[in-house]
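**Student:** Just so it is clear, I am handing over model.txt, which has compact mmCIF, C-alpha atoms.
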```
# COMPACT_ATOMS: atom_id res chain seq x y z
CA MET A 1 37.67 -3.45 18.10
CA SER A 2 38.44 -7.06 17.21
CA LYS A 3 36.79 -8.32 14.03
CA LYS A 4 36.17 -11.80 12.65
CA ILE A 5 37.83 -12.00 9.24
CA LEU A 6 37.94 -14.57 6.44
CA LEU A 7 40.81 -14.06 3.98
CA THR A 8 41.28 -16.10 0.80
CA GLY A 9 44.67 -16.67 -0.81
CA ALA A 10 46.32 -16.79 2.61
CA SER A 11 49.16 -19.06 1.52
CA GLY A 12 51.37 -16.49 -0.21
CA GLY A 13 51.94 -12.99 -1.56
CA PHE A 14 50.09 -10.34 0.42
CA GLY A 15 47.97 -13.02 2.09
CA VAL A 16 50.50 -14.33 4.61
CA LEU A 17 51.65 -10.84 5.58
CA THR A 18 48.08 -9.61 5.97
CA VAL A 19 47.02 -12.54 8.15
CA LYS A 20 50.00 -11.91 10.44
CA LYS A 21 49.29 -8.18 10.62
CA LEU A 22 45.61 -8.67 11.41
CA ILE A 23 46.39 -11.16 14.18
CA GLU A 24 49.00 -8.76 15.55
CA LYS A 25 46.29 -6.10 15.75
CA GLY A 26 44.01 -8.42 17.72
CA HIS A 27 41.64 -9.64 15.03
CA GLN A 28 40.37 -13.21 14.67
CA VAL A 29 41.37 -14.53 11.26
CA ALA A 30 40.32 -17.56 9.22
CA ALA A 31 43.13 -18.07 6.71
CA ALA A 32 41.73 -19.83 3.65
CA MET A 33 43.97 -21.69 1.22
CA ARG A 34 44.20 -24.79 -0.94
CA ASP A 35 46.15 -27.97 -0.21
CA VAL A 36 46.52 -27.40 3.53
CA ALA A 37 48.01 -30.85 4.06
CA GLY A 38 50.27 -30.66 1.01
CA SER A 39 52.09 -27.81 -0.70
CA ASN A 40 50.84 -25.23 1.81
CA LYS A 41 51.41 -27.38 4.89
CA ASN A 42 54.28 -25.31 6.28
CA THR A 43 52.53 -21.99 5.74
CA ALA A 44 49.36 -23.32 7.32
CA ALA A 45 51.32 -24.54 10.35
CA GLU A 46 53.08 -21.19 10.74
CA LEU A 47 49.86 -19.19 10.60
CA ALA A 48 48.09 -21.62 12.93
CA SER A 49 50.90 -21.21 15.46
CA LEU A 50 50.17 -17.48 15.49
CA GLY A 51 46.49 -18.04 16.18
CA ALA A 52 44.92 -18.18 12.71
CA ILE A 53 42.13 -20.63 11.96
CA ILE A 54 43.17 -22.59 8.88
CA VAL A 55 40.41 -23.31 6.37
CA GLU A 56 40.76 -25.54 3.32
CA LEU A 57 39.15 -23.60 0.49
CA ASP A 58 39.51 -23.52 -3.29
CA VAL A 59 37.81 -20.46 -4.82
CA THR A 60 37.44 -22.27 -8.16
CA ASN A 61 35.13 -24.92 -6.68
CA ASP A 62 31.53 -24.21 -5.64
CA ASP A 63 31.32 -26.92 -2.96
CA SER A 64 34.72 -26.00 -1.53
CA VAL A 65 33.64 -22.36 -1.19
CA THR A 66 30.30 -23.25 0.40
CA ASN A 67 31.90 -25.64 2.88
CA GLY A 68 34.88 -23.39 3.57
CA VAL A 69 32.75 -20.33 4.32
CA ALA A 70 30.47 -22.37 6.60
CA THR A 71 33.50 -23.75 8.45
CA ALA A 72 35.02 -20.29 8.87
CA ILE A 73 31.80 -18.80 10.25
CA GLU A 74 31.39 -21.71 12.64
CA LYS A 75 34.96 -21.60 13.95
CA LEU A 76 35.08 -17.81 14.17
CA GLY A 77 31.66 -17.67 15.79
CA GLY A 78 30.46 -15.24 13.13
CA LEU A 79 31.92 -13.07 10.38
CA ASP A 80 32.54 -9.35 10.00
CA VAL A 81 34.91 -9.12 7.04
CA LEU A 82 35.49 -11.07 3.81
CA MET A 83 38.81 -10.35 2.13
CA ASN A 84 38.87 -11.54 -1.49
CA ASN A 85 42.63 -11.87 -1.83
CA ALA A 86 43.13 -15.07 -3.86
CA GLY A 87 44.52 -14.28 -7.29
CA ILE A 88 46.96 -15.20 -10.04
CA GLY A 89 48.90 -13.04 -12.48
CA SER A 90 50.12 -13.38 -16.06
CA ALA A 91 52.70 -12.04 -18.47
CA GLY A 92 53.11 -12.37 -22.22
CA MET A 93 51.65 -11.39 -25.57
CA ILE A 94 47.88 -11.39 -25.17
CA GLU A 95 47.36 -13.04 -28.57
CA PHE A 96 49.19 -16.15 -27.36
CA PHE A 97 46.82 -16.80 -24.45
CA THR A 98 44.21 -19.38 -25.37
CA THR A 99 40.57 -19.40 -24.36
CA ALA A 100 41.48 -22.04 -21.78
CA ASP A 101 44.12 -19.68 -20.37
CA PHE A 102 41.49 -16.97 -20.00
CA GLN A 103 39.14 -19.40 -18.31
CA LYS A 104 41.84 -20.44 -15.82
CA MET A 105 42.59 -16.82 -14.93
CA TYR A 106 38.96 -15.80 -14.60
CA GLU A 107 38.09 -18.87 -12.51
CA VAL A 108 40.29 -17.43 -9.75
CA ASN A 109 40.33 -13.66 -10.20
CA VAL A 110 36.68 -13.11 -11.15
CA PHE A 111 34.50 -16.20 -10.74
CA GLY A 112 36.26 -17.02 -7.47
CA VAL A 113 35.27 -13.65 -6.06
CA GLN A 114 31.68 -14.13 -7.22
CA ARG A 115 31.58 -17.54 -5.51
CA MET A 116 32.87 -16.08 -2.26
CA ASN A 117 30.50 -13.11 -2.33
CA ARG A 118 27.47 -15.29 -3.04
CA ALA A 119 28.40 -17.48 -0.10
CA VAL A 120 28.91 -14.59 2.31
CA ALA A 121 26.43 -11.89 1.22
CA PRO A 122 23.32 -13.63 2.60
CA TYR A 123 24.97 -13.86 6.02
CA PHE A 124 25.96 -10.20 5.94
CA ARG A 125 22.49 -9.13 4.77
CA GLN A 126 20.87 -11.07 7.59
CA GLN A 127 23.02 -9.36 10.23
CA LYS A 128 22.75 -6.01 8.37
CA SER A 129 26.47 -5.39 8.48
CA GLY A 130 29.72 -6.61 6.99
CA LEU A 131 32.72 -5.55 4.94
CA ILE A 132 33.88 -7.06 1.65
CA VAL A 133 37.43 -6.18 0.58
CA TYR A 134 38.81 -6.85 -2.90
CA THR A 135 42.50 -7.15 -3.76
CA SER A 136 42.69 -5.52 -7.16
CA SER A 137 45.70 -3.80 -8.74
CA LEU A 138 46.76 -0.52 -10.29
CA LEU A 139 46.55 -2.59 -13.48
CA GLY A 140 42.85 -2.89 -12.81
CA ARG A 141 42.60 0.82 -13.60
CA ILE A 142 45.14 1.32 -16.41
CA THR A 143 46.83 -0.91 -18.98
CA LEU A 144 50.48 -1.68 -19.62
CA PRO A 145 51.62 -3.94 -22.46
CA PHE A 146 52.14 -7.68 -21.91
CA TYR A 147 49.84 -7.96 -18.88
CA GLY A 148 46.59 -8.00 -20.85
CA LEU A 149 45.07 -11.21 -19.51
CA TYR A 150 45.67 -10.26 -15.89
CA GLN A 151 44.53 -6.69 -16.46
CA SER A 152 41.28 -7.76 -18.09
CA SER A 153 40.45 -9.91 -15.06
CA LYS A 154 41.15 -7.05 -12.65
CA TRP A 155 39.10 -4.62 -14.72
CA ALA A 156 36.26 -7.13 -14.47
CA LEU A 157 36.83 -7.40 -10.72
CA GLU A 158 36.59 -3.62 -10.37
CA ALA A 159 33.21 -3.61 -12.14
CA LEU A 160 32.03 -6.49 -9.97
CA ALA A 161 32.98 -4.59 -6.82
CA GLU A 162 31.31 -1.40 -8.11
CA ASN A 163 28.03 -3.27 -8.46
CA TYR A 164 28.24 -5.01 -5.10
CA ARG A 165 28.98 -1.65 -3.51
CA VAL A 166 25.69 -0.11 -4.60
CA GLU A 167 23.48 -3.19 -4.50
CA LEU A 168 24.49 -4.07 -0.92
CA SER A 169 24.80 -0.58 0.58
CA THR A 170 21.16 -0.49 1.66
CA PHE A 171 21.79 -3.59 3.80
CA GLY A 172 24.61 -1.91 5.73
CA ILE A 173 27.35 -3.79 3.89
CA GLU A 174 30.56 -1.95 3.00
CA ASN A 175 32.63 -2.78 -0.10
CA CYS A 176 36.20 -1.56 -0.58
CA ILE A 177 38.87 -2.11 -3.23
CA VAL A 178 42.60 -2.05 -2.53
CA GLU A 179 44.82 -1.43 -5.56
CA PRO A 180 48.50 -2.29 -4.97
CA GLY A 181 51.22 -1.58 -7.47
CA GLY A 182 53.87 -4.17 -8.34
CA TYR A 183 55.73 -5.68 -5.40
CA PRO A 184 58.47 -8.29 -4.97
CA THR A 185 56.36 -11.19 -3.68
CA ALA A 186 55.88 -14.85 -4.55
CA PHE A 187 52.97 -13.66 -6.71
CA ALA A 188 55.48 -12.57 -9.36
CA GLU A 189 57.14 -15.98 -9.25
CA ASN A 190 53.92 -17.83 -10.15
CA LEU A 191 52.74 -16.00 -13.23
CA MET A 192 50.74 -17.64 -16.00
CA PHE A 193 52.40 -17.60 -19.41
CA PRO A 194 50.75 -18.12 -22.82
CA SER A 195 49.92 -21.67 -23.87
CA ASP A 196 50.20 -21.07 -27.61
CA ALA A 197 53.22 -19.22 -28.96
CA SER A 198 52.88 -20.69 -32.46
CA GLN A 199 52.78 -17.19 -33.97
CA ALA A 200 55.89 -15.97 -32.14
CA ALA A 201 58.08 -15.81 -35.25
CA SER A 202 55.69 -13.38 -36.91
CA TYR A 203 56.38 -10.81 -34.17
CA GLY A 204 60.04 -10.50 -35.17
CA ASP A 205 62.36 -8.87 -32.64
CA PHE A 206 59.35 -7.46 -30.79
CA ILE A 207 58.79 -10.93 -29.36
CA HIS A 208 61.51 -10.18 -26.79
CA ALA A 209 59.76 -7.05 -25.51
CA PRO A 210 57.79 -8.76 -22.68
CA GLN A 211 60.98 -10.26 -21.22
CA LYS A 212 62.81 -6.93 -21.42
CA MET A 213 59.94 -5.11 -19.76
CA GLY A 214 59.87 -7.68 -16.97
CA GLU A 215 63.61 -7.28 -16.42
CA ASN A 216 63.30 -3.49 -16.36
CA PHE A 217 60.52 -3.64 -13.80
CA GLY A 218 62.60 -6.02 -11.69
CA ASN A 219 65.35 -3.41 -11.67
CA VAL A 220 62.88 -0.74 -10.62
CA LEU A 221 61.81 -2.83 -7.63
CA ALA A 222 65.41 -3.62 -6.72
CA ASN A 223 66.25 0.10 -6.68
CA ASN A 224 63.16 1.12 -4.70
CA PRO A 225 63.15 -0.73 -1.37
CA GLN A 226 60.26 1.45 -0.18
CA GLN A 227 58.05 -0.77 -2.38
CA ASP A 228 57.78 -3.19 0.54
CA PRO A 229 54.89 -5.72 0.47
CA GLN A 230 54.45 -5.25 4.21
CA ARG A 231 53.06 -1.80 3.44
CA VAL A 232 50.21 -3.42 1.53
CA ALA A 233 49.38 -5.64 4.51
CA ASP A 234 49.48 -2.54 6.71
CA ALA A 235 47.08 -0.76 4.34
CA PHE A 236 44.61 -3.64 4.54
CA ALA A 237 44.71 -3.54 8.32
CA GLU A 238 44.30 0.24 8.44
CA LEU A 239 41.30 0.04 6.11
CA ILE A 240 39.58 -2.60 8.23
CA ASP A 241 40.11 -0.52 11.38
CA MET A 242 38.56 2.62 9.90
CA PRO A 243 35.14 3.61 11.31
CA TYR A 244 32.03 2.09 9.77
CA GLY A 245 30.74 4.18 6.89
CA GLU A 246 33.94 6.22 6.57
CA LYS A 247 36.13 3.85 4.55
CA PRO A 248 37.23 4.97 1.06
CA PHE A 249 35.86 2.84 -1.74
CA ARG A 250 39.25 2.66 -3.46
CA THR A 251 42.72 2.72 -1.87
CA THR A 252 45.93 2.72 -3.90
CA VAL A 253 49.11 1.35 -2.33
CA ASP A 254 52.18 2.25 -4.36
CA PHE A 255 55.41 4.10 -3.58
CA ILE A 256 57.12 4.37 -6.96
CA GLY A 257 54.89 6.94 -8.64
CA MET A 258 52.09 5.19 -10.52
CA GLY A 259 49.73 5.14 -7.56
CA ASP A 260 49.51 8.95 -7.44
CA HIS A 261 48.24 9.09 -11.02
CA VAL A 262 45.70 6.32 -10.44
CA SER A 263 44.47 8.00 -7.25
CA LYS A 264 43.69 11.15 -9.25
CA TYR A 265 41.90 9.03 -11.85
CA ASN A 266 39.89 7.32 -9.10
CA GLU A 267 38.95 10.68 -7.59
CA HIS A 268 37.70 11.96 -10.94
CA LEU A 269 35.76 8.76 -11.63
CA GLY A 270 34.16 9.07 -8.21
CA GLN A 271 32.94 12.55 -9.12
CA VAL A 272 31.59 11.34 -12.47
CA THR A 273 29.85 8.41 -10.81
CA ALA A 274 28.29 10.61 -8.15
CA GLY A 275 27.00 12.94 -10.85
CA LEU A 276 25.46 10.12 -12.88
CA TYR A 277 23.84 8.55 -9.83
CA GLY A 278 22.49 11.96 -8.87
CA ASN A 279 20.93 12.35 -12.32
CA PHE A 280 19.20 8.98 -11.91
CA GLY A 281 18.03 9.83 -8.42
CA ILE A 282 19.98 6.99 -6.79
CA ALA A 283 22.91 8.84 -5.23
CA GLY A 284 22.03 7.34 -1.84
CA MET A 285 23.16 3.93 -3.07
CA LEU A 286 26.76 5.12 -3.09
CA SER A 287 26.79 5.41 0.71
CA VAL A 288 26.38 2.51 3.08
CA GLN A 289 23.14 2.69 5.09
CA LYS A 290 23.94 2.59 8.79
```
So that I can check it, write out the structure of this file as structure tokens.
**Tutor:**
Amino acid sequence: MSKKILLTGASGGFGVLTVKKLIEKGHQVAAAMRDVAGSNKNTAAELASLGAIIVELDVTNDDSVTNGVATAIEKLGGLDVLMNNAGIGSAGMIEFFTTADFQKMYEVNVFGVQRMNRAVAPYFRQQKSGLIVYTSSLLGRITLPFYGLYQSSKWALEALAENYRVELSTFGIENCIVEPGGYPTAFAENLMFPSDASQAASYGDFIHAPQKMGENFGNVLANNPQQDPQRVADAFAELIDMPYGEKPFRTTVDFIGMGDHVSKYNEHLGQVTAGLYGNFGIAGMLSVQK
């Protein structure tokens, strides 16, 4: 069944591939991105040629979100799915990231999602249906060194999604998180790096560890072609096409080993959560109300 979908961060990474996949499967897609007439002009033109509705939207700006969501709903003739895909990554010693660096990251990865949800949730509640999808990461469940800023934002995103899941379930609104591993996309080419490395000398030879780890991970990706970003786009599409009320809350997408461990962690957390909610007499909030 064709759905009306608004996807943020459509200009790169998983966004472009997902828009194409969703259109291929017959869905109507509003592809939201910044700078439609500038740096993203070519991408916007390509997606428009395939049938996507291009929406100028900056998740870090309240007015842009409000106007962009209204435009998408008008042009789509409604809305069934919001995909919170816009995001930025980081790499480097966490001590060297300034407060301003943290604010920049959170404006996109956390506050941007909150802006989008606040703009869309009233519409979904009124129609008593809707699906909100969050692009998280395996690093939103575990930590690896030198990705601390990014990880902290994704851990916050996971908590945000957990709350929306239970607070909107009674209105018939589904919430789902997708947790990809690392993939060779443009996302990795646009990482944030620390703004203040004034203490670098005090780290001694260990200061080179982030670069070495990045190089090692690059080699892992190069030697594992099955870690294809298209498989993430496919996973998004498969999730959206699953029957109402039967979608998993969390989906890992990784083919080099880490995803299996996180999936087991997610399964255990789900059991713990169900037990706690049962103790409080609110277990029904974990299931969407049809």
**Student:** Interatomic distance between atom CA of Val108 of chain A and atom CA of Asp58 of chain A?
**Tutor:** 8.9 Å
**Student:** Which is closer to Tyr134 of chain A than all the others in A:Tyr265, A:Phe102, A:Phe249, A:Phe97, using all atoms listed in the file?
**Tutor:**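 With all atoms listed in the file as the atom set, the closest residue is A:Phe249.
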**Student:** Just checking: using only C-alpha atoms, which residue out of A:Glu95, A:Glu189, A:Asp62, A:Glu267 ends up closest to Phe111 of chain A?
**Tutor:**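 Using only C-alpha atoms, Phe111 of chain A sits closest to A:Asp62.
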**Student:** For Lys25 of chain A, which of A:Gln230, A:Ser2, A:Asn40, A:Gln126 is the closest residue, counting all atoms listed in the file?
**Tutor:**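 Checking each of A:Gln230, A:Ser2, A:Asn40, A:Gln126 against Lys25 of chain A, counting all atoms listed in the file, the winner is A:Ser2.
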**Student:** May I have the residues within 12 Å of Lys247 of chain A as a list in words, using only C-alpha atoms and disregarding those fewer than 3 positions away in the same chain?
**Tutor:** Leu131, Ile132, Val133, Ile173, Glu174, Asn175, Cys176, Ile177, Val178, Ala235, Phe236, Ala237, Glu238, Leu239, Ile240, Asp241, Met242, Pro243, Tyr244, Arg250, Thr251, Ser287 and Val288 of chain A
**Student:** Between atom CA of Val19 of chain A and atom CA of Ser49 of chain A, what is the distance in Å, rounded to a tenth?
**Tutor:**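 Straight-line distance from atom CA of Val19 of chain A to atom CA of Ser49 of chain A works out to 12.0 Å.
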**Student:** Please determine, counting all atoms listed in the file, which residue among A:Val166, A:Leu144, A:Ile256, A:Leu76 has the shortest atom-to-atom distance to Asn223 of chain A.
**Tutor:**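 Once distances to Asn223 of chain A are computed over all atoms listed in the file, the minimum belongs to A:Ile256.
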**Student:** So how far away is atom CA of Leu139 of chain A from atom CA of Ile207 of chain A, in Å?
**Tutor:**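 Pair atom CA of Ile207 of chain A / atom CA of Leu139 of chain A returns 21.7 Å.
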